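Colleague: Dropping the structure in here first, questions after.
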Amino acid sequence: MELTGKERFRMDDLMEIIHLLRRPVGGCPWDSVQTHQSIRMNFLEETCEVLEAIDLADSSLLCEELGDILMQVALHTAMEEEQGRFTLEDVCTGVCRKLLYRHPHVFAGQAAPGPSTWDELKNQEKGRAGLTDELESVPATLPALMRAGKTLKRAARYGFGPADEAAARSEAGAQLQRLLTGDESSPAERETQVGDALLALTAYCRLAGVDPELALTRATQRFVKQAEEITPSTEQMLCADRNLEVRKNDES
């Protein structure tokens with residue numbers, strides 16, 4: 001059956017569509033010239049749209065956005081298939097083997113014997129032997145707060161970092177105090193102080209059971225809501241105050 005005549009599709013249909021779009025002759029002029037690097041940020045954008053659909057609890061939107069993620073997977077896989085490096089079957093095989101190996105308590109007859117925890121199995125699988133391997137394996141492309149949280153969590157397994165919530169709170173307070181009293185610091189020094197304070201706060205969040213990425217996201221949402229609730233008269237007053245401050249600065 002022709003693709004255009006189908007009502008329901010499967011993953012192999014998606015791969016066929018992507019390969020047809022990427023044909024040098026008869027394909028799509030845009031799709032046919034894309035590379036991993038040229039659509040790199042598209043993957044991040046689509047992932048963020050999935051997260052937004054989850055936060056909105058919108059199943060229809062989530063279904064659509066997950067489809068866009070599958071499209072990204074299909075595009076990157078097609079590029080590798082064209083070079084003869086791996087196929088979609090290889091991708092599926094890899095993730096299925098990983099799940100079987102890391103869940104010996106579920107697939108006892110199929111998984112390798114050995115450590116029983118997820119982290120131990122993961123480290124054994126990837127050949128991580130110590131703290132350095134653990135820290136270097138945290139993706140540098142993660143959002144900064146998420147990367148900091150993962151790094152701190154892994155370091156804590158080796159006894160590195162604050163021992164408990166009270167110690168983390170004390171360290172965060174000290175770093176914030178250092179930041180707030182550093183008025184004479186240079187821009188580079190202020191950047192370092194802000195970074196140290198954010199890292200200390202992230203360490204506190206981890207031990208206090210707070211997701212710093214989610215906490216900041218929700219704080220930003222509250223800020224947006226408050227800004228949207230400003231009445232026209234209040235907005236005019238705020239603008240007038242800002243204009244007055246600018247004039248004073250210009251005159252001084």
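All residue names refer to the structure tokens as shown: chains lettered A, B, ... in order, residues numbered from 1 in each chain, ligands numbered from 1 in order.
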What are the closest atom pairs, with distances in Å to one decimal, for each residue of stretch 16-96 of chain A lying within 12 Å of stretch 135-151 of chain A, using only C-alpha atoms, rows by chain and rising residue number, as JSON lines?
Modeller:
```
{"residue": "A:Arg40", "atom": "CA", "partner": "A:Thr141", "partner_atom": "CA", "distance": 11.5}
{"residue": "A:Met41", "atom": "CA", "partner": "A:Thr141", "partner_atom": "CA", "distance": 11.1}
{"residue": "A:Leu44", "atom": "CA", "partner": "A:Leu142", "partner_atom": "CA", "distance": 10.1}
{"residue": "A:Cys48", "atom": "CA", "partner": "A:Pro143", "partner_atom": "CA", "distance": 11.5}
```
Colleague: Let me see the file: selected residues, C-alpha atoms, as a JSON list (two decimals), in the first residue's frame.
Modeller:
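To be explicit, this is the file written out as out-v1.json:
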```json
[["chain", "number", "residue", "atom", "x", "y", "z"],
["A", 40, "ARG", "CA", 21.49, 19.18, 16.80],
["A", 41, "MET", "CA", 19.49, 21.93, 18.52],
["A", 44, "LEU", "CA", 16.85, 19.84, 22.37],
["A", 48, "CYS", "CA", 11.70, 20.79, 25.78]]
```
Colleague: Give the helix (DSSP H, G or I) residues of stretch 125-212 of chain A, as DSSP finds them on the backbone, and put them as an NGL selection string.
Modeller: :A and (125-126 or 131-136 or 144-156 or 165-180 or 187-208 or 212)
Colleague: Do a neighbour search on A:Gln175 at 9 Å with only C-alpha atoms, toss out local chain neighbours closer than 3 positions, and write the hits as a PDB file with all heavy atoms, in the first residue's frame.
Modeller:
```pdb
ATOM      1  N   SER A 170      24.654  25.221  55.755  1.00  0.00           N
ATOM      2  CA  SER A 170      25.698  26.098  56.272  1.00  0.00           C
ATOM      3  C   SER A 170      26.626  26.570  55.158  1.00  0.00           C
ATOM      4  O   SER A 170      26.986  27.749  55.074  1.00  0.00           O
ATOM      5  CB  SER A 170      26.488  25.362  57.351  1.00  0.00           C
ATOM      6  OG  SER A 170      27.571  26.156  57.816  1.00  0.00           O
ATOM      7  N   GLU A 171      27.020  25.649  54.282  1.00  0.00           N
ATOM      8  CA  GLU A 171      27.909  26.005  53.177  1.00  0.00           C
ATOM      9  C   GLU A 171      27.218  26.960  52.202  1.00  0.00           C
ATOM     10  O   GLU A 171      27.828  27.926  51.718  1.00  0.00           O
ATOM     11  CB  GLU A 171      28.354  24.734  52.440  1.00  0.00           C
ATOM     12  CG  GLU A 171      29.186  24.971  51.192  1.00  0.00           C
ATOM     13  CD  GLU A 171      30.518  25.648  51.477  1.00  0.00           C
ATOM     14  OE1 GLU A 171      30.960  25.647  52.641  1.00  0.00           O
ATOM     15  OE2 GLU A 171      31.122  26.195  50.515  1.00  0.00           O
ATOM     16  N   ALA A 172      25.944  26.709  51.920  1.00  0.00           N
ATOM     17  CA  ALA A 172      25.197  27.593  51.016  1.00  0.00           C
ATOM     18  C   ALA A 172      25.086  28.992  51.615  1.00  0.00           C
ATOM     19  O   ALA A 172      25.242  30.005  50.918  1.00  0.00           O
ATOM     20  CB  ALA A 172      23.814  27.012  50.743  1.00  0.00           C
ATOM     21  N   ARG A 178      29.261  35.470  51.197  1.00  0.00           N
ATOM     22  CA  ARG A 178      30.453  35.910  50.467  1.00  0.00           C
ATOM     23  C   ARG A 178      30.060  36.674  49.203  1.00  0.00           C
ATOM     24  O   ARG A 178      30.681  37.685  48.856  1.00  0.00           O
ATOM     25  CB  ARG A 178      31.297  34.677  50.107  1.00  0.00           C
ATOM     26  CG  ARG A 178      32.555  34.984  49.308  1.00  0.00           C
ATOM     27  CD  ARG A 178      33.463  33.758  49.247  1.00  0.00           C
ATOM     28  NE  ARG A 178      34.566  33.961  48.324  1.00  0.00           N
ATOM     29  CZ  ARG A 178      34.696  33.339  47.164  1.00  0.00           C
ATOM     30  NH1 ARG A 178      33.788  32.474  46.782  1.00  0.00           N
ATOM     31  NH2 ARG A 178      35.732  33.573  46.386  1.00  0.00           N
ATOM     32  N   LEU A 179      29.037  36.200  48.532  1.00  0.00           N
ATOM     33  CA  LEU A 179      28.578  36.858  47.309  1.00  0.00           C
ATOM     34  C   LEU A 179      27.991  38.231  47.610  1.00  0.00           C
ATOM     35  O   LEU A 179      28.310  39.228  46.948  1.00  0.00           O
ATOM     36  CB  LEU A 179      27.520  35.974  46.619  1.00  0.00           C
ATOM     37  CG  LEU A 179      26.743  36.605  45.464  1.00  0.00           C
ATOM     38  CD1 LEU A 179      27.685  36.942  44.305  1.00  0.00           C
ATOM     39  CD2 LEU A 179      25.634  35.667  44.990  1.00  0.00           C
ATOM     40  N   LEU A 180      27.139  38.307  48.636  1.00  0.00           N
ATOM     41  CA  LEU A 180      26.421  39.544  48.931  1.00  0.00           C
ATOM     42  C   LEU A 180      27.315  40.619  49.538  1.00  0.00           C
ATOM     43  O   LEU A 180      26.974  41.805  49.500  1.00  0.00           O
ATOM     44  CB  LEU A 180      25.252  39.243  49.877  1.00  0.00           C
ATOM     45  CG  LEU A 180      24.169  38.324  49.288  1.00  0.00           C
ATOM     46  CD1 LEU A 180      23.129  37.982  50.339  1.00  0.00           C
ATOM     47  CD2 LEU A 180      23.505  38.972  48.074  1.00  0.00           C
ATOM     48  N   GLN A 193      31.975  33.880  42.376  1.00  0.00           N
ATOM     49  CA  GLN A 193      31.177  33.856  43.601  1.00  0.00           C
ATOM     50  C   GLN A 193      29.753  33.393  43.323  1.00  0.00           C
ATOM     51  O   GLN A 193      29.184  32.605  44.093  1.00  0.00           O
ATOM     52  CB  GLN A 193      31.182  35.249  44.234  1.00  0.00           C
ATOM     53  CG  GLN A 193      32.536  35.652  44.808  1.00  0.00           C
ATOM     54  CD  GLN A 193      32.610  37.121  45.148  1.00  0.00           C
ATOM     55  OE1 GLN A 193      31.649  37.869  44.947  1.00  0.00           O
ATOM     56  NE2 GLN A 193      33.758  37.561  45.658  1.00  0.00           N
ATOM     57  N   VAL A 194      29.183  33.869  42.228  1.00  0.00           N
ATOM     58  CA  VAL A 194      27.827  33.443  41.860  1.00  0.00           C
ATOM     59  C   VAL A 194      27.820  31.943  41.566  1.00  0.00           C
ATOM     60  O   VAL A 194      26.928  31.203  42.012  1.00  0.00           O
ATOM     61  CB  VAL A 194      27.312  34.232  40.637  1.00  0.00           C
ATOM     62  CG1 VAL A 194      26.025  33.597  40.088  1.00  0.00           C
ATOM     63  CG2 VAL A 194      27.040  35.680  41.013  1.00  0.00           C
ATOM     64  N   ASP A 196      29.895  29.628  42.690  1.00  0.00           N
ATOM     65  CA  ASP A 196      30.073  28.879  43.937  1.00  0.00           C
ATOM     66  C   ASP A 196      28.790  28.854  44.756  1.00  0.00           C
ATOM     67  O   ASP A 196      28.444  27.832  45.371  1.00  0.00           O
ATOM     68  CB  ASP A 196      31.209  29.490  44.765  1.00  0.00           C
ATOM     69  CG  ASP A 196      32.577  29.261  44.137  1.00  0.00           C
ATOM     70  OD1 ASP A 196      32.691  28.391  43.263  1.00  0.00           O
ATOM     71  OD2 ASP A 196      33.531  29.974  44.527  1.00  0.00           O
ATOM     72  N   ALA A 197      28.075  29.989  44.770  1.00  0.00           N
ATOM     73  CA  ALA A 197      26.821  30.061  45.527  1.00  0.00           C
ATOM     74  C   ALA A 197      25.760  29.151  44.908  1.00  0.00           C
ATOM     75  O   ALA A 197      25.041  28.438  45.620  1.00  0.00           O
ATOM     76  CB  ALA A 197      26.324  31.506  45.580  1.00  0.00           C
ATOM     77  N   LEU A 198      25.668  29.162  43.580  1.00  0.00           N
ATOM     78  CA  LEU A 198      24.697  28.304  42.902  1.00  0.00           C
ATOM     79  C   LEU A 198      25.012  26.827  43.126  1.00  0.00           C
ATOM     80  O   LEU A 198      24.112  26.009  43.344  1.00  0.00           O
ATOM     81  CB  LEU A 198      24.686  28.615  41.402  1.00  0.00           C
ATOM     82  CG  LEU A 198      24.015  29.927  40.987  1.00  0.00           C
ATOM     83  CD1 LEU A 198      24.255  30.206  39.503  1.00  0.00           C
ATOM     84  CD2 LEU A 198      22.513  29.886  41.276  1.00  0.00           C
ATOM     85  N   ALA A 200      26.629  25.565  45.714  1.00  0.00           N
ATOM     86  CA  ALA A 200      26.316  25.258  47.115  1.00  0.00           C
ATOM     87  C   ALA A 200      24.816  25.114  47.324  1.00  0.00           C
ATOM     88  O   ALA A 200      24.357  24.240  48.063  1.00  0.00           O
ATOM     89  CB  ALA A 200      26.889  26.344  48.030  1.00  0.00           C
ATOM     90  N   LEU A 201      24.038  25.971  46.674  1.00  0.00           N
ATOM     91  CA  LEU A 201      22.575  25.867  46.769  1.00  0.00           C
ATOM     92  C   LEU A 201      22.080  24.564  46.143  1.00  0.00           C
ATOM     93  O   LEU A 201      21.146  23.935  46.648  1.00  0.00           O
ATOM     94  CB  LEU A 201      21.910  27.065  46.082  1.00  0.00           C
ATOM     95  CG  LEU A 201      21.864  28.358  46.893  1.00  0.00           C
ATOM     96  CD1 LEU A 201      21.383  29.512  46.010  1.00  0.00           C
ATOM     97  CD2 LEU A 201      20.943  28.207  48.106  1.00  0.00           C
TER      98      LEU A 201
END
```
Colleague: With distances taken over only C-alpha atoms, which residue among A:Leu99, A:Leu207, A:Leu88, A:Val50 lies nearest A:Lys122?
Modeller: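 Using only C-alpha atoms, A:Lys122 sits closest to A:Leu99.
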Colleague: Could you jot down the atom CA of A:Cys205 to atom CA of A:Tyr158 separation for me, Å, one decimal place?
Modeller: 18.7 Å
Colleague: Rank A:Ala156, A:Leu61, A:Ala203, A:Val106 by their smallest atom-to-atom distance to A:Arg169, using only C-alpha atoms, and report the top residue only.
Modeller: A:Ala203
